[in-house]
Amino acid sequence: MILYPAIDLKDGQAVRLLRGEMDKATVFNDDPAAQARAFAKAGAEWLHLVDLNGAFAGRPVNAAAVEAILAAVNIPAQLGGGIRDMATIEAWLEKGLARVILGTVAVENPGLVREAARAFPGRVAVGIDARAGRVATRGWAEETDTDATELARSFEDVGVAAIIYTDIQRDGAMQGPNVEATAALARAVSIPVIASGGVSSLADLIALRDTGIIAGAISGRALYDGALDLNEALAALQG
């Protein structure tokens with residue numbers, strides 16, 4: 001199971017939100033590229049990047065910070081937030097991102113996800129952010145009636161690289177991930193599922209790993225707060 005350290009970008013800084021609320025942001029580093037280098041130096045295999053402003057604006061906003069991160073490290077990175085058309089997808093992949101994450105458009109324009117996944121095999125992930133199993137979009141500001149599992153199933157067999165499943169109620173709350181719901185989603189689809197939201201301890205990571213079916217986990221606040229030691233976590237997962 002791969003651990004993805006998260007760098008969430010707001011106004012050019014690395015922050016963490018509480019349950020996705022933009023007015024509850026804690027700044028952890030005003031130099032995101034330096035943060036990326038620190039994660040890479042510790043042995044991280046991947047980085048998970050989110051353009052928080054972009055998620056609300058519907059277009060890239062923190063592009064300069066993302067480009068600085070890509071220039072600073074040699075490990076692959078995936079990015080979500082404000083990626084809602086093919087031109088933006090192509091531009092980001094050309095700039096060196098390993099994967100783009102499509103969230104809002106997975107609900108509003110699923111045809112774009114299928115088109116992009118076929119055009120760029122293995123380089124398009126779907127972000128499914130849910131409250132009580134129902135998908136939320138546009139920076140989690142809009143609730144939908146879309147069922148998370150049904151949405152995931154709709155992208156089978158089109159070349160999607162991964163599904164990133166976030167339990168919004170757990171995100172940034174340091175209360176542990178929703179292991180049961182994430183594992184159930186992973187069992188429902190053949191696409192690899194990455195857990196996000198609430199991963200705050202080594203025990204959380206091991207619980208996710210021990211399901212035997214979850215492909216990865218994203219952690220942010222716990223790494224910044226020191227509740228989760230990146231070196232220790234990577235060693236445990238590799239062991």
# chains A, B, ... in the order shown; residues from 1 in each chain; ligands from 1
$ residues_around --residues "A:Ile7" --least-positions-apart "4" --cutoff "7 Å" --atoms "only C-alpha atoms" --output "mmCIF file with C-alpha atoms, in the first residue's frame"
data_model
loop_
_atom_site.group_PDB
_atom_site.id
_atom_site.type_symbol
_atom_site.label_atom_id
_atom_site.label_comp_id
_atom_site.auth_asym_id
_atom_site.auth_seq_id
_atom_site.Cartn_x
_atom_site.Cartn_y
_atom_site.Cartn_z
ATOM 1 C CA ALA A 14 0.540 24.511 2.103
ATOM 2 C CA HIS A 48 -0.865 14.143 -3.473
ATOM 3 C CA LEU A 49 -1.531 17.781 -4.390
ATOM 4 C CA VAL A 50 -4.790 19.719 -4.173
ATOM 5 C CA GLY A 220 -1.838 15.412 5.518
#
$ atom_distance --atom1 "atom CA of A:Asp30" --atom2 "atom CA of A:Val126"
28.1 Å
$ closest_residue --among "A:Phe28, A:Tyr165, A:Trp92, A:Tyr4" --to "A:Arg59" --atoms "only C-alpha atoms"
A:Trp92
$ residues_around --residues "stretch 176-189 of chain A" --least-positions-apart "6" --cutoff "9 Å" --atoms "only C-alpha atoms" --output "compact mmCIF listing (two decimals) with C-alpha atoms, in the first residue's frame"
# COMPACT_ATOMS: atom_id res chain seq x y z
CA GLY A 133 -22.12 7.85 1.02
CA ALA A 148 -20.37 7.02 -4.26
CA THR A 149 -20.23 3.33 -5.14
CA ALA A 152 -17.17 4.48 -9.05
CA ARG A 153 -18.74 1.56 -10.89
CA GLU A 156 -15.06 0.55 -14.80
CA ILE A 163 -10.28 6.20 -7.29
CA TYR A 165 -12.23 8.15 -1.85
CA THR A 166 -12.55 10.88 0.77
CA ASP A 167 -14.91 10.71 3.71
CA ARG A 170 -13.21 12.58 8.64
CA ALA A 195 -8.21 6.16 1.08
CA SER A 196 -8.35 9.81 2.11
CA GLY A 197 -9.72 11.66 5.10
CA GLY A 198 -8.78 11.14 8.75
CA VAL A 199 -5.63 9.06 8.29
CA SER A 200 -3.92 10.21 11.47
CA SER A 201 -1.82 7.42 12.96
CA ALA A 203 -2.56 2.25 13.43
CA ASP A 204 -4.86 3.85 10.84
CA LEU A 205 -2.45 3.01 8.05
CA ALA A 207 -5.84 -0.97 9.47
CA LEU A 208 -6.20 0.19 5.88
CA THR A 211 -7.96 -4.91 4.56
CA GLY A 212 -5.82 -6.41 1.80
CA ILE A 213 -7.72 -4.47 -0.82
CA ILE A 214 -6.99 -0.75 -0.36
CA ALA A 215 -4.20 0.38 -2.70
$ atom_distance --atom1 "atom CA of A:Val193" --atom2 "atom CA of A:Ala116"
18.7 Å
$ closest_residue --among "A:Ala162, A:Ala25, A:Arg138, A:Thr104" --to "A:Pro121" --atoms "only C-alpha atoms"
A:Ala162
$ closest_residue --among "A:Val66, A:Ile218, A:Leu102, A:Leu17" --to "A:Leu230" --atoms "only C-alpha atoms"
A:Ile218
$ select_by_dssp --residues "stretch 22-52 of chain A" --states "strand (DSSP E)" --output "list in words"
Met22, Asp23, Lys24, Ala25, Thr26, Val27, Phe28, Asn29, Leu47, His48, Leu49, Val50 and Asp51 of chain A
$ closest_residue --among "A:Arg209, A:Lys95, A:Arg84, A:Lys24" --to "A:Ala57" --atoms "only C-alpha atoms"
A:Arg84
$ select_by_dssp --residues "stretch 75-170 of chain A" --states "alpha helix (DSSP H)" --output "number ranges by chain"
A: 86-94, 104-108, 110-119, 148-153
$ write_last_selection --atoms "C-alpha atoms" --output "mmCIF file, in the first residue's frame"
data_model
loop_
_atom_site.group_PDB
_atom_site.id
_atom_site.type_symbol
_atom_site.label_atom_id
_atom_site.label_comp_id
_atom_site.auth_asym_id
_atom_site.auth_seq_id
_atom_site.Cartn_x
_atom_site.Cartn_y
_atom_site.Cartn_z
ATOM 1 C CA MET A 86 -9.488 18.464 -21.618
ATOM 2 C CA ALA A 87 -7.219 21.444 -22.259
ATOM 3 C CA THR A 88 -6.415 21.734 -18.535
ATOM 4 C CA ILE A 89 -5.838 17.983 -18.263
ATOM 5 C CA GLU A 90 -3.437 18.038 -21.207
ATOM 6 C CA ALA A 91 -1.621 21.113 -19.917
ATOM 7 C CA TRP A 92 -0.997 19.619 -16.476
ATOM 8 C CA LEU A 93 0.204 16.283 -17.827
ATOM 9 C CA GLU A 94 2.551 18.082 -20.219
ATOM 10 C CA THR A 104 -16.544 17.550 -9.839
ATOM 11 C CA VAL A 105 -16.561 16.652 -13.541
ATOM 12 C CA ALA A 106 -16.925 12.976 -12.663
ATOM 13 C CA VAL A 107 -20.465 13.891 -11.604
ATOM 14 C CA GLU A 108 -21.202 16.800 -13.924
ATOM 15 C CA PRO A 110 -18.604 11.884 -16.808
ATOM 16 C CA GLY A 111 -17.995 11.714 -20.540
ATOM 17 C CA LEU A 112 -14.913 13.896 -20.068
ATOM 18 C CA VAL A 113 -13.512 11.408 -17.534
ATOM 19 C CA ARG A 114 -13.973 8.549 -20.001
ATOM 20 C CA GLU A 115 -12.451 10.554 -22.847
ATOM 21 C CA ALA A 116 -9.449 11.616 -20.763
ATOM 22 C CA ALA A 117 -8.864 8.138 -19.309
ATOM 23 C CA ARG A 118 -8.797 6.670 -22.808
ATOM 24 C CA ALA A 119 -6.544 9.434 -24.124
ATOM 25 C CA ALA A 148 -20.375 7.021 -4.259
ATOM 26 C CA THR A 149 -20.230 3.329 -5.141
ATOM 27 C CA GLU A 150 -22.453 3.691 -8.187
ATOM 28 C CA LEU A 151 -20.320 6.577 -9.427
ATOM 29 C CA ALA A 152 -17.171 4.480 -9.048
ATOM 30 C CA ARG A 153 -18.738 1.556 -10.891
#
$ atom_distance --atom1 "atom CA of A:Ala63" --atom2 "atom CA of A:Glu142"
23.9 Å
$ closest_residue --among "A:Glu45, A:Asp145, A:Asp85, A:Asp225" --to "A:Met1" --atoms "only C-alpha atoms"
A:Glu45
$ residues_around --residues "A:Gly81" --least-positions-apart "2" --cutoff "7 Å" --atoms "only C-alpha atoms" --output "PyMOL selection string"
chain A and resi 50-52+54-55+79+83
$ closest_residue --among "A:Thr26, A:Gln238, A:Gln13, A:Thr146" --to "A:Arg221" --atoms "only C-alpha atoms"
A:Thr26
$ residues_around --residues "A:Ala161" --least-positions-apart "6" --cutoff "9 Å" --atoms "only C-alpha atoms" --output "PDB file with N, CA and C atoms, in the first residue's frame"
ATOM      1  N   ARG A  99      -0.349  12.221 -12.665  1.00  0.00           N
ATOM      2  CA  ARG A  99      -1.786  11.946 -12.732  1.00  0.00           C
ATOM      3  C   ARG A  99      -2.578  13.200 -12.410  1.00  0.00           C
ATOM      4  N   ALA A 117      -9.470   9.405 -19.736  1.00  0.00           N
ATOM      5  CA  ALA A 117      -8.864   8.138 -19.309  1.00  0.00           C
ATOM      6  C   ALA A 117      -8.419   7.318 -20.514  1.00  0.00           C
ATOM      7  N   PRO A 121      -4.027   6.807 -20.721  1.00  0.00           N
ATOM      8  CA  PRO A 121      -4.189   5.619 -19.875  1.00  0.00           C
ATOM      9  C   PRO A 121      -3.255   5.668 -18.665  1.00  0.00           C
ATOM     10  N   GLY A 122      -3.817   5.362 -17.505  1.00  0.00           N
ATOM     11  CA  GLY A 122      -3.031   5.311 -16.289  1.00  0.00           C
ATOM     12  C   GLY A 122      -2.689   6.661 -15.691  1.00  0.00           C
ATOM     13  N   ARG A 123      -3.192   7.743 -16.289  1.00  0.00           N
ATOM     14  CA  ARG A 123      -2.816   9.079 -15.819  1.00  0.00           C
ATOM     15  C   ARG A 123      -4.009   9.918 -15.368  1.00  0.00           C
ATOM     16  N   VAL A 124      -5.174   9.280 -15.287  1.00  0.00           N
ATOM     17  CA  VAL A 124      -6.385   9.972 -14.844  1.00  0.00           C
ATOM     18  C   VAL A 124      -6.992   9.211 -13.678  1.00  0.00           C
ATOM     19  N   ALA A 125      -7.141   9.895 -12.552  1.00  0.00           N
ATOM     20  CA  ALA A 125      -7.797   9.319 -11.376  1.00  0.00           C
ATOM     21  C   ALA A 125      -9.123  10.039 -11.161  1.00  0.00           C
ATOM     22  N   VAL A 126     -10.025   9.379 -10.473  1.00  0.00           N
ATOM     23  CA  VAL A 126     -11.319   9.976 -10.140  1.00  0.00           C
ATOM     24  C   VAL A 126     -11.362  10.220  -8.634  1.00  0.00           C
ATOM     25  N   ILE A 191     -11.087  -1.031  -9.996  1.00  0.00           N
ATOM     26  CA  ILE A 191     -10.146   0.094 -10.021  1.00  0.00           C
ATOM     27  C   ILE A 191      -9.485   0.207  -8.647  1.00  0.00           C
ATOM     28  N   PRO A 192      -8.168   0.421  -8.580  1.00  0.00           N
ATOM     29  CA  PRO A 192      -7.524   0.609  -7.280  1.00  0.00           C
ATOM     30  C   PRO A 192      -8.125   1.791  -6.522  1.00  0.00           C
TER      31      PRO A 192
END
$ residues_around --residues "A:Gly43" --least-positions-apart "4" --cutoff "10 Å" --atoms "only C-alpha atoms" --output "PyMOL selection string"
chain A and resi 37-39+75+230-231+234-235
$ residues_around --residues "A:Ala236" --least-positions-apart "3" --cutoff "9 Å" --atoms "only C-alpha atoms" --output "list in words"
Leu202, Leu205, Ile206, Asn231, Glu232, Ala233 and Gly239 of chain A
